[in-house]
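Structure first, commentary second.
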Amino acid sequence: MARDAATAVIGPAALAALGHVCELTPDTVLDDFTTEEARAVLRDVEVLVTGWGCPPLDAAALAAAPRLRAVVHTAGSVRGHITPECWDRGIEVSSAAAANALPVAEYTVAMILLTGKNVMERAREFKETRRRDDWLGLSHGVGNYGRTVGIISASMIGRRVIELLRPYDLEVLLHDPYVSDEEALALGARPVGIDELFAGSDVVSVHTPLLPATRGLVGRELIAAMRHQAVLINTARGAVLDQDALTEAALAGRIRAVLDVTVPEVLPPENPLWECEHVMITPHLAGSQGNEWGRLADLAVAELGRWAAGDGFAHAVRRERLAFLA
């Protein structure tokens with residue numbers, strides 16, 4: 001992994017815990033598999049603990065690691081470094097995607113509840129006027145009682161969002177073509193088509209991975225079908241949305257948006273979304289940060305312990321599922 005990722009995620013406590021279940025290569029962080037140092041380390045390695053910034057485990061890297069049997073990833077997606085050659089070699093792969101899903105789901109639920117109370121707009125107005133608003137004159141559209149939340153994709157994060165929404169008085173809709181009606185209902189959501197979800201939701205939260213089939217999935221027609229002042233939350237990938245259509249609708253005051261991801265990841269200074277009063281943009285912070293990195297490390301330690309004991313990974317990544325994963 002990148003050296004700064006190793007410093008952030010694999011602290012002294014995690015290193016000590018790893019040392020209880022395996023023999024660690026001393027003081028070695030590899031961010032390049034082509035160096036002499038890397039090849040000397042890879043020669044004896046059976047397991048790699050990887051993270052953000054890991055270079056691809058391609059044929060050349062695997063040739064230098066003849067004993068490699070497993071990869072334990074301390075982040076979510078393994079697309080950046082697990083190559084077809086890994087699967088061909090039968091290398092087992094684990095990911096901390098489940099641990100990383102929780103803070104994203106928590107962020108999403110927080111935004112659902114805050115936007116339901118119009119917190120961003122009302123806080124800004126309060127700061128400007130220094131005067132309490134007419135709370136008894138508020139529209140009945142403000143509040144979270146009986147609101148309808150639409151979830152796009154029962155991904156790992158989408159499922160956690162549905163789970164975390166259970167205590168609230170909300171109706172949850174789900175669109176996912178790969179989930180049966182029975183499974184959706186068991187999750188706690190009513191299955192609907194994507195058109196019905198956008199037309200019938202007060203909040204739409206996008207959790208689909210960016211795949212060729214999902215690029216531009218949330219297009220102009222779906223955005224146009226959203227209720228007046230409905231909220232669109234995106235913590236997935238910016239390219240899943242038609243950003244131009246979203247910008248037009250938000251600037252017109254038709255919808256509101258919370259965007260943790262955009263295209264590009266940092267919008268140019270002149271982009272109108274920066275100044276749009278109906279849009280909040282956050283710097284891709286929904287995923288694990290700060291003390292939440294400890295959860296990623298803990299999962300990696302637990303996975304390595306299971307694997308070393310012969311119990312296999314609890315969070316294994318299967319080759320046949322890779323096409324549906326972020």
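Numbering starts fresh at 1 for the residues of each chain in the structure tokens, the chains themselves are lettered A, B, ... in the order given, and ligands are numbered from 1 as they appear.
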
How close does each residue of segment 214-290 of chain A get to segment 94-105 of chain A, giving the shortest atom pair and distance in Å to one decimal for every residue with an atom at most 10 Å away, counting only C-alpha atoms, sorted by chain and residue number, as a tab-separated table?
residue	atom	partner	partner_atom	distance
A:Thr235	CA	A:Val104	CA	7.2
A:Ala236	CA	A:Val104	CA	9.3
A:Asp260	CA	A:Val104	CA	9.9
A:His284	CA	A:Val104	CA	9.9
A:Leu285	CA	A:Val104	CA	8.4
A:Ala286	CA	A:Val104	CA	4.7
A:Gly287	CA	A:Val104	CA	5.0
A:Ser288	CA	A:Asn100	CA	5.6
A:Gln289	CA	A:Pro103	CA	8.6

Export of prior selection with C-alpha atoms as a CSV table (one decimal), in the first residue's frame:
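Printed below is result.csv as written:
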chain,number,residue,atom,x,y,z
A,235,THR,CA,-22.0,8.7,-2.1
A,236,ALA,CA,-21.3,6.2,-4.9
A,260,ASP,CA,-19.9,13.4,-1.7
A,284,HIS,CA,-15.4,12.3,-0.5
A,285,LEU,CA,-15.5,12.0,3.2
A,286,ALA,CA,-18.3,9.5,3.7
A,287,GLY,CA,-15.9,6.5,3.7
A,288,SER,CA,-13.6,5.5,6.6
A,289,GLN,CA,-11.6,8.3,8.0

Worksheet item: Using only C-alpha atoms, which residues sit within 7 Å of segment 255-257 of chain A once same-chain residues fewer than 4 positions away are excluded, as number ranges by chain?
Response: A: 228-233, 249-250, 278-280

Next, write the just-selected residues to a file, as a PDB file, in the first residue's frame, keeping C-alpha atoms as the atom set.
ATOM      1  CA  HIS A 228     -40.292  19.386  -6.030  1.00  0.00           C
ATOM      2  CA  GLN A 229     -37.598  19.951  -3.388  1.00  0.00           C
ATOM      3  CA  ALA A 230     -36.766  16.238  -3.244  1.00  0.00           C
ATOM      4  CA  VAL A 231     -33.184  15.402  -2.289  1.00  0.00           C
ATOM      5  CA  LEU A 232     -30.668  13.432  -4.340  1.00  0.00           C
ATOM      6  CA  ILE A 233     -27.781  11.968  -2.310  1.00  0.00           C
ATOM      7  CA  ALA A 249     -32.443  21.119 -11.686  1.00  0.00           C
ATOM      8  CA  ALA A 250     -30.631  22.319  -8.557  1.00  0.00           C
ATOM      9  CA  HIS A 278     -29.620  23.852  -2.831  1.00  0.00           C
ATOM     10  CA  VAL A 279     -26.485  21.691  -3.023  1.00  0.00           C
ATOM     11  CA  MET A 280     -24.038  20.566  -0.364  1.00  0.00           C
TER      12      MET A 280
END

Worksheet item: Looking only at the backbone, which of the residues in segment 244-304 of chain A does DSSP tag as strand (DSSP E or B), as a PyMOL selection string?
Response: chain A and resi 256-259+279-281

Could you please take those selected residues and save N, CA, C and O atoms as a PDB file, in the first residue's frame?
ATOM      1  N   ARG A 256     -32.946  19.353  -4.424  1.00  0.00           N
ATOM      2  CA  ARG A 256     -31.769  19.594  -3.594  1.00  0.00           C
ATOM      3  C   ARG A 256     -30.824  18.400  -3.746  1.00  0.00           C
ATOM      4  O   ARG A 256     -31.252  17.334  -4.191  1.00  0.00           O
ATOM      5  N   ALA A 257     -29.588  18.582  -3.373  1.00  0.00           N
ATOM      6  CA  ALA A 257     -28.621  17.486  -3.558  1.00  0.00           C
ATOM      7  C   ALA A 257     -27.553  17.532  -2.480  1.00  0.00           C
ATOM      8  O   ALA A 257     -27.162  18.609  -2.012  1.00  0.00           O
ATOM      9  N   VAL A 258     -27.097  16.341  -2.107  1.00  0.00           N
ATOM     10  CA  VAL A 258     -25.928  16.174  -1.250  1.00  0.00           C
ATOM     11  C   VAL A 258     -24.971  15.287  -2.038  1.00  0.00           C
ATOM     12  O   VAL A 258     -25.292  14.133  -2.339  1.00  0.00           O
ATOM     13  N   LEU A 259     -23.814  15.827  -2.375  1.00  0.00           N
ATOM     14  CA  LEU A 259     -22.874  15.132  -3.238  1.00  0.00           C
ATOM     15  C   LEU A 259     -21.549  14.929  -2.505  1.00  0.00           C
ATOM     16  O   LEU A 259     -20.844  15.896  -2.207  1.00  0.00           O
ATOM     17  N   VAL A 279     -27.419  22.811  -2.900  1.00  0.00           N
ATOM     18  CA  VAL A 279     -26.485  21.691  -3.023  1.00  0.00           C
ATOM     19  C   VAL A 279     -25.434  21.786  -1.921  1.00  0.00           C
ATOM     20  O   VAL A 279     -24.880  22.857  -1.666  1.00  0.00           O
ATOM     21  N   MET A 280     -25.172  20.659  -1.275  1.00  0.00           N
ATOM     22  CA  MET A 280     -24.038  20.566  -0.364  1.00  0.00           C
ATOM     23  C   MET A 280     -23.050  19.572  -0.950  1.00  0.00           C
ATOM     24  O   MET A 280     -23.414  18.440  -1.294  1.00  0.00           O
ATOM     25  N   ILE A 281     -21.794  19.990  -1.074  1.00  0.00           N
ATOM     26  CA  ILE A 281     -20.739  19.141  -1.610  1.00  0.00           C
ATOM     27  C   ILE A 281     -19.738  18.871  -0.501  1.00  0.00           C
ATOM     28  O   ILE A 281     -19.245  19.799   0.152  1.00  0.00           O
TER      29      ILE A 281
END

Item to complete: Within segment 214-276 of chain A, find each residue whose DSSP state, derived from the backbone, is helix (DSSP H, G or I), and express the selection as a ChimeraX atom specification.
Response: /A:220-224,238-240,243-251,272-275

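The neighbours of segment 17-20 of chain A here are the residues that come within 9 Å of it, using only C-alpha atoms and leaving out any residue fewer than 5 positions away in the same chain; they are Pro12, Asp298, Ala300, Val301, Ala302, Leu304 and Gly305 of chain A.
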
Output for the residues just chosen: N, CA, C and O atoms as a compact mmCIF listing (two decimals), in the first residue's frame:
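result-v1.txt, freshly written:
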# COMPACT_ATOMS: atom_id res chain seq x y z
N PRO A 12 0.45 1.00 15.46
CA PRO A 12 1.18 0.06 16.32
C PRO A 12 0.30 -1.05 16.89
O PRO A 12 0.74 -2.21 16.95
N ASP A 298 -8.89 -3.69 12.18
CA ASP A 298 -9.41 -4.78 13.00
C ASP A 298 -9.97 -5.90 12.14
O ASP A 298 -9.79 -7.09 12.44
N ALA A 300 -9.08 -6.63 9.08
CA ALA A 300 -7.97 -7.32 8.42
C ALA A 300 -7.30 -8.30 9.37
O ALA A 300 -6.96 -9.43 8.99
N VAL A 301 -7.11 -7.90 10.63
CA VAL A 301 -6.50 -8.79 11.62
C VAL A 301 -7.38 -10.01 11.83
O VAL A 301 -6.89 -11.16 11.87
N ALA A 302 -8.69 -9.80 11.95
CA ALA A 302 -9.60 -10.92 12.15
C ALA A 302 -9.60 -11.87 10.96
O ALA A 302 -9.62 -13.09 11.12
N LEU A 304 -7.15 -12.36 8.78
CA LEU A 304 -5.89 -13.10 8.73
C LEU A 304 -5.88 -14.20 9.78
O LEU A 304 -5.40 -15.32 9.52
N GLY A 305 -6.44 -13.92 10.96
CA GLY A 305 -6.53 -14.94 12.00
C GLY A 305 -7.38 -16.12 11.57
O GLY A 305 -7.01 -17.28 11.80

Discussion item. One number please: atom CA of Ala224 of chain A to atom CA of Glu248 of chain A, in Å, one decimal.
Written reply: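 Going from atom CA of Ala224 of chain A over to atom CA of Glu248 of chain A covers 9.9 Å.
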
Worksheet item: If we count only C-alpha atoms, what is near Val49 of chain A at a cut-off of 12 Å, once residues fewer than 6 positions away on the same chain are taken out, given as a VMD selection string?
Response: chain A and resid 1 to 2 5 to 6 9 to 10 14 to 15 18 22 24 to 25 28 to 31 68 to 75 78 81 93 to 96 296 to 297 299 to 301 303 to 304

Output N, CA and C atoms for every residue in that selection, as a tab-separated table (two decimals), in the first residue's frame.
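Written output follows (again.tsv):
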chain	number	residue	atom	x	y	z
A	1	MET	N	0.85	-1.18	0.00
A	1	MET	CA	0.00	0.00	0.00
A	1	MET	C	0.89	1.23	0.00
A	2	ALA	N	0.29	2.40	-0.24
A	2	ALA	CA	1.05	3.64	-0.13
A	2	ALA	C	1.54	3.81	1.31
A	5	ALA	N	-0.81	5.56	3.58
A	5	ALA	CA	-1.95	4.70	3.94
A	5	ALA	C	-1.56	3.74	5.04
A	6	ALA	N	-0.34	3.20	4.95
A	6	ALA	CA	0.12	2.28	5.99
A	6	ALA	C	0.22	2.98	7.33
A	9	VAL	N	-3.55	3.63	8.56
A	9	VAL	CA	-4.44	2.50	8.84
A	9	VAL	C	-3.79	1.46	9.74
A	10	ILE	N	-2.54	1.13	9.49
A	10	ILE	CA	-1.89	0.04	10.23
A	10	ILE	C	-1.00	0.65	11.32
A	14	ALA	N	-2.42	-2.35	15.55
A	14	ALA	CA	-2.75	-3.30	14.49
A	14	ALA	C	-1.55	-4.15	14.13
A	15	LEU	N	-0.37	-3.54	14.10
A	15	LEU	CA	0.85	-4.31	13.82
A	15	LEU	C	1.08	-5.38	14.89
A	18	LEU	N	-1.42	-8.15	14.32
A	18	LEU	CA	-1.01	-8.98	13.18
A	18	LEU	C	0.14	-9.91	13.57
A	22	CYS	N	0.76	-14.04	12.66
A	22	CYS	CA	1.63	-14.33	11.53
A	22	CYS	C	3.03	-13.81	11.82
A	24	LEU	N	5.60	-11.33	10.66
A	24	LEU	CA	5.63	-10.14	9.84
A	24	LEU	C	7.02	-9.90	9.26
A	25	THR	N	7.06	-9.48	8.01
A	25	THR	CA	8.31	-8.99	7.45
A	25	THR	C	8.64	-7.67	8.14
A	28	THR	N	8.61	-3.28	6.63
A	28	THR	CA	8.55	-3.23	5.18
A	28	THR	C	7.16	-2.81	4.72
A	29	VAL	N	7.11	-1.69	3.98
A	29	VAL	CA	5.89	-1.27	3.29
A	29	VAL	C	6.23	-1.20	1.81
A	30	LEU	N	5.54	-1.99	1.03
A	30	LEU	CA	5.82	-2.03	-0.41
A	30	LEU	C	4.80	-1.17	-1.16
A	31	ASP	N	5.29	-0.18	-1.88
A	31	ASP	CA	4.42	0.60	-2.77
A	31	ASP	C	4.86	0.47	-4.23
A	68	LEU	N	2.88	-16.84	-2.59
A	68	LEU	CA	1.72	-16.03	-2.23
A	68	LEU	C	0.43	-16.84	-2.36
A	69	ARG	N	-0.36	-16.86	-1.29
A	69	ARG	CA	-1.60	-17.64	-1.27
A	69	ARG	C	-2.83	-16.81	-0.98
A	70	ALA	N	-2.65	-15.61	-0.40
A	70	ALA	CA	-3.82	-14.82	-0.01
A	70	ALA	C	-3.48	-13.34	0.04
A	71	VAL	N	-4.51	-12.51	-0.16
A	71	VAL	CA	-4.41	-11.06	-0.05
A	71	VAL	C	-5.52	-10.58	0.88
A	72	VAL	N	-5.14	-9.82	1.90
A	72	VAL	CA	-6.10	-9.23	2.84
A	72	VAL	C	-6.07	-7.72	2.63
A	73	HIS	N	-7.16	-7.19	2.11
A	73	HIS	CA	-7.21	-5.77	1.73
A	73	HIS	C	-7.85	-4.96	2.84
A	74	THR	N	-7.18	-3.87	3.26
A	74	THR	CA	-7.69	-3.05	4.36
A	74	THR	C	-8.57	-1.90	3.89
A	75	ALA	N	-9.06	-1.98	2.66
A	75	ALA	CA	-9.99	-0.97	2.15
A	75	ALA	C	-11.13	-1.69	1.44
A	78	VAL	N	-11.18	-3.92	-4.58
A	78	VAL	CA	-9.91	-4.57	-4.91
A	78	VAL	C	-9.61	-4.44	-6.41
A	81	HIS	N	-5.93	-3.47	-7.76
A	81	HIS	CA	-4.70	-4.24	-7.63
A	81	HIS	C	-4.86	-5.75	-7.82
A	93	VAL	N	-8.77	-13.89	-1.70
A	93	VAL	CA	-8.80	-12.44	-1.52
A	93	VAL	C	-9.88	-12.08	-0.51
A	94	SER	N	-9.52	-11.20	0.42
A	94	SER	CA	-10.48	-10.66	1.38
A	94	SER	C	-10.47	-9.14	1.28
A	95	SER	N	-11.60	-8.53	1.56
A	95	SER	CA	-11.72	-7.07	1.50
A	95	SER	C	-12.41	-6.55	2.74
A	96	ALA	N	-12.04	-5.33	3.14
A	96	ALA	CA	-12.70	-4.67	4.27
A	96	ALA	C	-13.87	-3.82	3.81
A	296	LEU	N	-11.11	-0.86	9.87
A	296	LEU	CA	-10.53	-1.56	8.73
A	296	LEU	C	-9.39	-2.47	9.17
A	297	ALA	N	-8.52	-1.93	10.02
A	297	ALA	CA	-7.40	-2.73	10.51
A	297	ALA	C	-7.89	-3.91	11.33
A	299	LEU	N	-10.69	-5.52	11.07
A	299	LEU	CA	-11.25	-6.55	10.20
A	299	LEU	C	-10.13	-7.34	9.52
A	300	ALA	N	-9.08	-6.63	9.08
A	300	ALA	CA	-7.97	-7.32	8.42
A	300	ALA	C	-7.30	-8.30	9.37
A	301	VAL	N	-7.11	-7.90	10.63
A	301	VAL	CA	-6.50	-8.79	11.62
A	301	VAL	C	-7.38	-10.01	11.83
A	303	GLU	N	-9.56	-11.31	9.76
A	303	GLU	CA	-9.56	-12.14	8.55
A	303	GLU	C	-8.28	-12.96	8.47
A	304	LEU	N	-7.15	-12.36	8.78
A	304	LEU	CA	-5.89	-13.10	8.73
A	304	LEU	C	-5.88	-14.20	9.78
